[in-house]
Amino acid sequence: MATQGHWQRCPLPAILLLFCGLAPAAAAAGEYRTVEVESLKIEIDSEWGARTAPGYVPVRFDITNLGEARVIDLVGQGSRFMRMAGGGTGAATTIRQSVRLARGDRVRLTIPVPVFGMSESIRFDIEEDGRTLERFNYLGLQSNVPPGEAAALIVADRGSPFGGVAVGWPREMPPTAVSFAGGYVVSSSASSSTTTAITSHAPGSGTPRPPLDFVLAPSRLPTNWLGYTSLRAVVIGPTEWEQLNDAQKSALLTWTACGGDLFFVDGELKALFPGEPNLSAPADGAPRAYVFGRIHRPTAAAVSASGLKQILTDAQKVQDSNWSLPVNGAYAWSAIAARGFRLPIPGVGGVPARAYMMILVLFSFIIGPVNYWMLRRSRKQVLLVLTAPLISAAFILLLGVYVLAGEGIGVRGRAVTFTMLDEVRKHAATRSSASLYAAGMTPAGGLRFPRDTAAIPIGAEGIGLRERLVLDLTETQQFSAGVIQARSPTNLEQIAFRSARERLSFSSENGGLSVVNGLGTTVTSLSYRDGDRRYVLKAPLPPGAKAVLTRATSAGIVVPPDVPLSARFLHLVENQPAGSYLAVLDRSPFWDPGVPNVLEQGSFHLLIGWPGGQP
């Protein structure tokens with residue numbers, strides 16, 4: 001009866017959207033096939049796990065142009081369903097990327113599709129000059145499951161010794177998997193021998209549940225790291241690793257650095273990092289930290305004996321869930337603090353309903369009784385058709401002036417960012433939670449992020465976006481509609497990884513320690529730990545400036561108590577690793593808010609740097 005009541009409260013369009021989203025998933029989680037149309041040879045590979053965490057899923061294209069130079073559009077149209085208290089809601093998704101092709105060009109690309117609803121369904125079309133050349137099938141999946149129940153990817157070549165045993169490792173679909181039409185929402189694909197066949201079984205029938213995890217051949221891995229963000233883990237063998245091209249290897253290592261669990265079965269670290277001859281591995285076989293993520297090196301015999309489920313459970317115990325992937329493993333990752341903001345922005349309150357109501361009442365009084373009485377008194381009622389629109393225009397102008405005077409037209413924001421900077425390897429990974437507020441009008445073009453930045457909107461309720469999402473990937477990752485709207489809270493979780501030349505340079509001076517700020521922004525607080533000795537900064541240090549540090553017994557870094565993970569930050573400050581520095585930045589050069597000239601208020605940017613490289 002409880003379930004029936006839930007569906008009675010759910011709007012009919014949302015119910016239809018749910019079934020539209022789940023039905024394709026019951027048939028197949030994507031497709032893998034090649035078509036030829038109008039001098040184009042197009043291979044699409046959208047097969048992926050059917051149960052994922054919030055993040056992105058990859059859709060891979062291999063396109064060869066056998067005709068004249070042209071520009072084609074890859075257009076994805078889909079829908080998502082979000083469960084809410086007392087019912088559910090649905091929204092549409094549109095993704096577009098233009099591809100310019102010369103005669104004879106062959107282009108391989110990966111389109112990262114953002115997923116964060118309870119269920120998602122998307123289909124891609126190939127368009128040219130407004131015509132649809134080819135229409136592919138739907139990719140359907142559940143996309144907001146707990147981290148431990150998200151699918152893991154097993155990369156296996158069936159001809160290798162690893163591939164021969166790994167095909168038996170996938171975990172069973174959990175009991176919490178959504179059932180639909182007598183079956184589970186799972187993949188059923190036999191389109192390629194390189195994909196594990198998965199079929200649907202009726203709950204309660206006594207038949208084992210279908211696999212949760214999936215197997216792909218090395219050649220089918222994406223070249224964009226964003227696609228891995230929806231997975232629980234990636235498992236790969238040494239032979240399979242060597243079969244990857246440089247872009248695929250880079251994508252996997254970037255995902256690991258951003259918080260992923262990479263299982264390199266029967267492998268050695270030197271195979272992953274051939275350019276680092278002095279790379280050390282834990283002697284006891286423990287996982288090795290790699291920026292925010294972990295690299296595990298179990299044996300195939302150990303995985304077969306314990307089962308992949310137990311291996312993943314053990315791995316989760318040593319991973320810091322606050323910074324690991326998937327993102328929804330972090331503490332209260334989608335919690336909303338007040339007025340629809342994850343991070344309340346100082347000076348930004350709720351909608352001034354009382355003031356708006358007073359203006360509306362005054363408008364109604366003047367345009368109605370007052371206007372009519374004055375025209376009747378002067379016996380010019382015929383002018384009513386002129387005075388009514390003039391009074392309306394005057395009040396629209398008054399309302400606009402009131403909004404601009406009270407809030408301006410810019411974008412205000414508050415962010416909490418945490419960056420790991422390895423000065424030896426020259427790379428930085430950043431995790432951030434941000435809230436934005438666009439006063440007056442929506443920023444032109446929406447939000448723009450680099451193509452390799454994961455931007456996951458959690459909405460004003462913590463369940464994702466309820467509006468139509470429009471994403472253009474032609475030049476950047478441009479969310480032109482749906483993510484940010486005027487006078488509405490915008491909440492984002494972001495993950496970025498990039499090359500970094502920024503650094504703090506430390507040197508001995510007169511028996512003490514000095515520092516030069518090469519971070520490009522003001523350092524407001526700094527704690528450097530050299531063995532058991534701690535050195536701190538007494539005054540803010542502008543970019544390019546030099547200062548002498550003083551010995552201290554504590555870091556002197558103040559963590560705002562109202563930011564997410566404040567207790568975790570405090571623990572890091574109190575237990576700062578030797579050979580590292582902690583710096584609080586005025587603004588973070590490693591965080592991109594997606595819109596220029598954001599007025600930050602109450603932000604907290606913490607950086608941990610490793611002058612000698614991350615151990």
# chains A, B, ... in the order shown; residues from 1 in each chain; ligands from 1
>>> residues_around(residues="Gly237 in chain A", least_positions_apart="3", cutoff="9 Å", atoms="only C-alpha atoms", output="PyMOL selection string")
chain A and resi 155-157+162-163+240-242+263-267+300
>>> select_by_dssp(residues="range 150-342 of chain A", states="strand (DSSP E or B)", output="list of chain:residue names")
A:Leu153, A:Ile154, A:Val155, A:Glu172, A:Ser179, A:Phe180, A:Gly183, A:Tyr184, A:Pro211, A:Phe214, A:Val215, A:Leu216, A:Val234, A:Val235, A:Ile236, A:Asp261, A:Leu262, A:Phe263, A:Phe264, A:Arg288, A:Ala289, A:Tyr290, A:Gly293, A:Arg294, A:Ile295, A:His296, A:Ala338, A:Phe341
>>> closest_residue(among="A:Ala578, A:Ala439, A:Ile608, A:Ile456", to="Val327 in chain A", atoms="only C-alpha atoms")
A:Ile456
>>> atom_distance(atom1="CA of Arg431 in chain A", atom2="CA of Ile495 in chain A")
4.8 Å
>>> residues_around(residues="range 119-132 of chain A", least_positions_apart="3", cutoff="7 Å", atoms="only C-alpha atoms", output="PDB file with C-alpha atoms, in the first residue's frame")
ATOM      1  CA  GLY A  21      13.876   5.767 -18.781  1.00  0.00           C
ATOM      2  CA  LEU A  22      13.840   2.244 -17.389  1.00  0.00           C
ATOM      3  CA  VAL A  71      30.578  19.462 -40.095  1.00  0.00           C
ATOM      4  CA  ILE A  72      28.348  17.003 -38.279  1.00  0.00           C
ATOM      5  CA  ASP A  73      26.611  17.234 -34.923  1.00  0.00           C
ATOM      6  CA  LEU A  74      26.398  14.502 -32.311  1.00  0.00           C
ATOM      7  CA  VAL A  75      23.152  15.220 -30.468  1.00  0.00           C
ATOM      8  CA  GLY A  76      22.025  13.386 -27.365  1.00  0.00           C
ATOM      9  CA  GLN A  77      18.403  13.652 -26.228  1.00  0.00           C
ATOM     10  CA  GLY A  78      17.324  12.060 -22.989  1.00  0.00           C
ATOM     11  CA  SER A  79      15.357  12.220 -19.790  1.00  0.00           C
ATOM     12  CA  ARG A  80      15.989  11.649 -16.108  1.00  0.00           C
ATOM     13  CA  PHE A  81      13.814  10.918 -13.127  1.00  0.00           C
ATOM     14  CA  VAL A 115      24.112  11.399 -14.851  1.00  0.00           C
ATOM     15  CA  ARG A 135      19.573   7.507 -34.863  1.00  0.00           C
ATOM     16  CA  PHE A 136      21.004   5.132 -32.280  1.00  0.00           C
ATOM     17  CA  ASN A 137      19.339   3.223 -29.484  1.00  0.00           C
ATOM     18  CA  TYR A 138      18.784   4.380 -25.928  1.00  0.00           C
ATOM     19  CA  LEU A 139      21.264   4.037 -23.106  1.00  0.00           C
ATOM     20  CA  GLY A 140      19.284   3.495 -19.889  1.00  0.00           C
ATOM     21  CA  LEU A 141      20.578   3.104 -16.348  1.00  0.00           C
ATOM     22  CA  GLN A 142      20.162   3.805 -12.671  1.00  0.00           C
ATOM     23  CA  SER A 143      22.547   6.581 -11.768  1.00  0.00           C
TER      24      SER A 143
END
>>> closest_residue(among="A:Glu423, A:Gly440, A:Leu375, A:Arg51", to="Val401 in chain A", atoms="only C-alpha atoms")
A:Gly440
>>> atom_distance(atom1="CA of Trp333 in chain A", atom2="CA of Arg96 in chain A")
28.7 Å
>>> residues_around(residues="range 504-510 of chain A", least_positions_apart="5", cutoff="12 Å", atoms="only C-alpha atoms", output="count of residues only")
40
>>> closest_atom_pairs(of="range 93-171 of chain A", to="range 230-234 of chain A", cutoff="12 Å", atoms="only C-alpha atoms", output="JSON lines")
{"residue": "A:Pro112", "atom": "CA", "partner": "A:Ser230", "partner_atom": "CA", "distance": 10.6}
{"residue": "A:Val113", "atom": "CA", "partner": "A:Ser230", "partner_atom": "CA", "distance": 10.3}
{"residue": "A:Pro114", "atom": "CA", "partner": "A:Ser230", "partner_atom": "CA", "distance": 9.2}
{"residue": "A:Val115", "atom": "CA", "partner": "A:Ser230", "partner_atom": "CA", "distance": 8.1}
{"residue": "A:Phe116", "atom": "CA", "partner": "A:Ser230", "partner_atom": "CA", "distance": 9.2}
{"residue": "A:Leu141", "atom": "CA", "partner": "A:Ser230", "partner_atom": "CA", "distance": 11.2}
{"residue": "A:Gln142", "atom": "CA", "partner": "A:Ser230", "partner_atom": "CA", "distance": 10.6}
{"residue": "A:Ser143", "atom": "CA", "partner": "A:Ser230", "partner_atom": "CA", "distance": 7.7}
{"residue": "A:Asn144", "atom": "CA", "partner": "A:Ser230", "partner_atom": "CA", "distance": 9.0}
{"residue": "A:Val145", "atom": "CA", "partner": "A:Ser230", "partner_atom": "CA", "distance": 9.7}
{"residue": "A:Pro146", "atom": "CA", "partner": "A:Arg232", "partner_atom": "CA", "distance": 9.4}
{"residue": "A:Pro147", "atom": "CA", "partner": "A:Arg232", "partner_atom": "CA", "distance": 6.1}
{"residue": "A:Gly148", "atom": "CA", "partner": "A:Arg232", "partner_atom": "CA", "distance": 6.6}
{"residue": "A:Glu149", "atom": "CA", "partner": "A:Arg232", "partner_atom": "CA", "distance": 7.6}
{"residue": "A:Ala150", "atom": "CA", "partner": "A:Arg232", "partner_atom": "CA", "distance": 5.3}
{"residue": "A:Ala151", "atom": "CA", "partner": "A:Leu231", "partner_atom": "CA", "distance": 5.5}
{"residue": "A:Ala152", "atom": "CA", "partner": "A:Ala233", "partner_atom": "CA", "distance": 4.8}
{"residue": "A:Leu153", "atom": "CA", "partner": "A:Val234", "partner_atom": "CA", "distance": 4.8}
{"residue": "A:Ile154", "atom": "CA", "partner": "A:Val234", "partner_atom": "CA", "distance": 5.9}
{"residue": "A:Val155", "atom": "CA", "partner": "A:Val234", "partner_atom": "CA", "distance": 7.4}
{"residue": "A:Ala156", "atom": "CA", "partner": "A:Val234", "partner_atom": "CA", "distance": 10.8}
{"residue": "A:Pro170", "atom": "CA", "partner": "A:Val234", "partner_atom": "CA", "distance": 11.6}
{"residue": "A:Arg171", "atom": "CA", "partner": "A:Arg232", "partner_atom": "CA", "distance": 11.8}
>>> write_last_selection(atoms="N, CA and C atoms", output="PDB file, in the first residue's frame")
ATOM      1  N   PRO A 112      31.345  12.665 -22.532  1.00  0.00           N
ATOM      2  CA  PRO A 112      30.942  12.394 -21.152  1.00  0.00           C
ATOM      3  C   PRO A 112      29.507  12.871 -20.911  1.00  0.00           C
ATOM      4  N   VAL A 113      28.641  11.959 -20.548  1.00  0.00           N
ATOM      5  CA  VAL A 113      27.228  12.267 -20.333  1.00  0.00           C
ATOM      6  C   VAL A 113      26.989  12.392 -18.828  1.00  0.00           C
ATOM      7  N   PRO A 114      26.605  13.569 -18.331  1.00  0.00           N
ATOM      8  CA  PRO A 114      26.356  13.708 -16.891  1.00  0.00           C
ATOM      9  C   PRO A 114      25.112  12.935 -16.472  1.00  0.00           C
ATOM     10  N   VAL A 115      25.240  12.172 -15.380  1.00  0.00           N
ATOM     11  CA  VAL A 115      24.112  11.399 -14.851  1.00  0.00           C
ATOM     12  C   VAL A 115      24.062  11.613 -13.341  1.00  0.00           C
ATOM     13  N   PHE A 116      22.872  11.864 -12.819  1.00  0.00           N
ATOM     14  CA  PHE A 116      22.736  12.068 -11.383  1.00  0.00           C
ATOM     15  C   PHE A 116      21.318  11.820 -10.895  1.00  0.00           C
ATOM     16  N   LEU A 141      19.893   3.588 -17.546  1.00  0.00           N
ATOM     17  CA  LEU A 141      20.578   3.104 -16.348  1.00  0.00           C
ATOM     18  C   LEU A 141      20.026   3.770 -15.102  1.00  0.00           C
ATOM     19  N   GLN A 142      20.342   3.160 -13.965  1.00  0.00           N
ATOM     20  CA  GLN A 142      20.162   3.805 -12.671  1.00  0.00           C
ATOM     21  C   GLN A 142      21.448   4.554 -12.369  1.00  0.00           C
ATOM     22  N   SER A 143      21.333   5.769 -11.852  1.00  0.00           N
ATOM     23  CA  SER A 143      22.547   6.581 -11.768  1.00  0.00           C
ATOM     24  C   SER A 143      22.712   7.309 -10.442  1.00  0.00           C
ATOM     25  N   ASN A 144      22.039   6.890  -9.418  1.00  0.00           N
ATOM     26  CA  ASN A 144      22.218   7.557  -8.130  1.00  0.00           C
ATOM     27  C   ASN A 144      22.233   6.520  -7.023  1.00  0.00           C
ATOM     28  N   VAL A 145      22.975   5.440  -7.238  1.00  0.00           N
ATOM     29  CA  VAL A 145      23.005   4.348  -6.265  1.00  0.00           C
ATOM     30  C   VAL A 145      24.131   4.578  -5.275  1.00  0.00           C
ATOM     31  N   PRO A 146      24.092   3.936  -4.100  1.00  0.00           N
ATOM     32  CA  PRO A 146      25.189   4.070  -3.133  1.00  0.00           C
ATOM     33  C   PRO A 146      26.507   3.623  -3.742  1.00  0.00           C
ATOM     34  N   PRO A 147      27.629   4.182  -3.284  1.00  0.00           N
ATOM     35  CA  PRO A 147      28.925   3.866  -3.890  1.00  0.00           C
ATOM     36  C   PRO A 147      29.237   2.377  -3.934  1.00  0.00           C
ATOM     37  N   GLY A 148      28.935   1.657  -2.848  1.00  0.00           N
ATOM     38  CA  GLY A 148      29.247   0.237  -2.811  1.00  0.00           C
ATOM     39  C   GLY A 148      28.431  -0.596  -3.765  1.00  0.00           C
ATOM     40  N   GLU A 149      27.319  -0.039  -4.265  1.00  0.00           N
ATOM     41  CA  GLU A 149      26.455  -0.774  -5.178  1.00  0.00           C
ATOM     42  C   GLU A 149      26.598  -0.299  -6.618  1.00  0.00           C
ATOM     43  N   ALA A 150      27.531   0.617  -6.864  1.00  0.00           N
ATOM     44  CA  ALA A 150      27.800   1.047  -8.242  1.00  0.00           C
ATOM     45  C   ALA A 150      28.656  -0.002  -8.945  1.00  0.00           C
ATOM     46  N   ALA A 151      28.491  -0.095 -10.234  1.00  0.00           N
ATOM     47  CA  ALA A 151      29.206  -1.104 -11.019  1.00  0.00           C
ATOM     48  C   ALA A 151      30.703  -0.843 -11.024  1.00  0.00           C
ATOM     49  N   ALA A 152      31.466  -1.918 -11.083  1.00  0.00           N
ATOM     50  CA  ALA A 152      32.916  -1.853 -11.294  1.00  0.00           C
ATOM     51  C   ALA A 152      33.214  -2.328 -12.707  1.00  0.00           C
ATOM     52  N   LEU A 153      34.251  -1.762 -13.291  1.00  0.00           N
ATOM     53  CA  LEU A 153      34.677  -2.149 -14.637  1.00  0.00           C
ATOM     54  C   LEU A 153      35.861  -3.099 -14.538  1.00  0.00           C
ATOM     55  N   ILE A 154      35.749  -4.228 -15.206  1.00  0.00           N
ATOM     56  CA  ILE A 154      36.849  -5.186 -15.299  1.00  0.00           C
ATOM     57  C   ILE A 154      37.366  -5.143 -16.732  1.00  0.00           C
ATOM     58  N   VAL A 155      38.615  -4.731 -16.892  1.00  0.00           N
ATOM     59  CA  VAL A 155      39.228  -4.631 -18.215  1.00  0.00           C
ATOM     60  C   VAL A 155      39.949  -5.937 -18.484  1.00  0.00           C
ATOM     61  N   ALA A 156      39.464  -6.701 -19.456  1.00  0.00           N
ATOM     62  CA  ALA A 156      39.997  -8.045 -19.664  1.00  0.00           C
ATOM     63  C   ALA A 156      40.054  -8.405 -21.141  1.00  0.00           C
ATOM     64  N   PRO A 170      32.663 -10.668 -11.641  1.00  0.00           N
ATOM     65  CA  PRO A 170      31.607  -9.679 -11.392  1.00  0.00           C
ATOM     66  C   PRO A 170      30.683 -10.076 -10.240  1.00  0.00           C
ATOM     67  N   ARG A 171      30.341  -9.065  -9.432  1.00  0.00           N
ATOM     68  CA  ARG A 171      29.416  -9.269  -8.315  1.00  0.00           C
ATOM     69  C   ARG A 171      27.982  -9.400  -8.814  1.00  0.00           C
TER      70      ARG A 171
END
>>> residues_around(residues="range 475-479 of chain A", least_positions_apart="5", cutoff="7 Å", atoms="only C-alpha atoms", output="PDB file with C-alpha atoms, in the first residue's frame")
ATOM      1  CA  GLY A 446      25.483  29.689 -18.503  1.00  0.00           C
ATOM      2  CA  LEU A 447      28.476  27.966 -16.895  1.00  0.00           C
ATOM      3  CA  ARG A 448      31.654  26.981 -18.754  1.00  0.00           C
ATOM      4  CA  PHE A 449      34.178  24.483 -17.435  1.00  0.00           C
ATOM      5  CA  PRO A 450      37.240  22.870 -19.019  1.00  0.00           C
ATOM      6  CA  ARG A 451      36.416  19.654 -20.831  1.00  0.00           C
ATOM      7  CA  VAL A 470      21.591  21.672 -22.026  1.00  0.00           C
TER       8      VAL A 470
END
>>> atom_distance(atom1="CA of Ala92 in chain A", atom2="CA of Glu461 in chain A")
17.6 Å
>>> select_by_dssp(residues="range 213-255 of chain A", states="alpha helix (DSSP H)", output="number ranges by chain")
A: 238-243, 246-255
>>> residues_around(residues="Gly293 in chain A", least_positions_apart="5", cutoff="9 Å", atoms="only C-alpha atoms", output="PyMOL selection string")
chain A and resi 255-262+288+319-320+323-325
>>> closest_residue(among="A:Arg342, A:Arg108, A:Arg103, A:Arg412", to="Ile458 in chain A", atoms="only C-alpha atoms")
A:Arg342
>>> closest_residue(among="A:Ser304, A:Thr490, A:Ser364, A:Thr553", to="Ala388 in chain A", atoms="only C-alpha atoms")
A:Ser364
>>> closest_residue(among="A:Met118, A:Glu68, A:Phe395, A:Gly90", to="Gly104 in chain A", atoms="only C-alpha atoms")
A:Glu68
>>> closest_residue(among="A:Val235, A:Leu272, A:Leu343, A:Leu101", to="Ser250 in chain A", atoms="only C-alpha atoms")
A:Leu272
>>> residues_around(residues="Ser39 in chain A", least_positions_apart="3", cutoff="12 Å", atoms="only C-alpha atoms", output="JSON, numbers by chain")
{"A": [35, 36, 42, 63, 64, 65, 66, 67, 68, 69, 70, 101, 103, 104, 105, 133]}
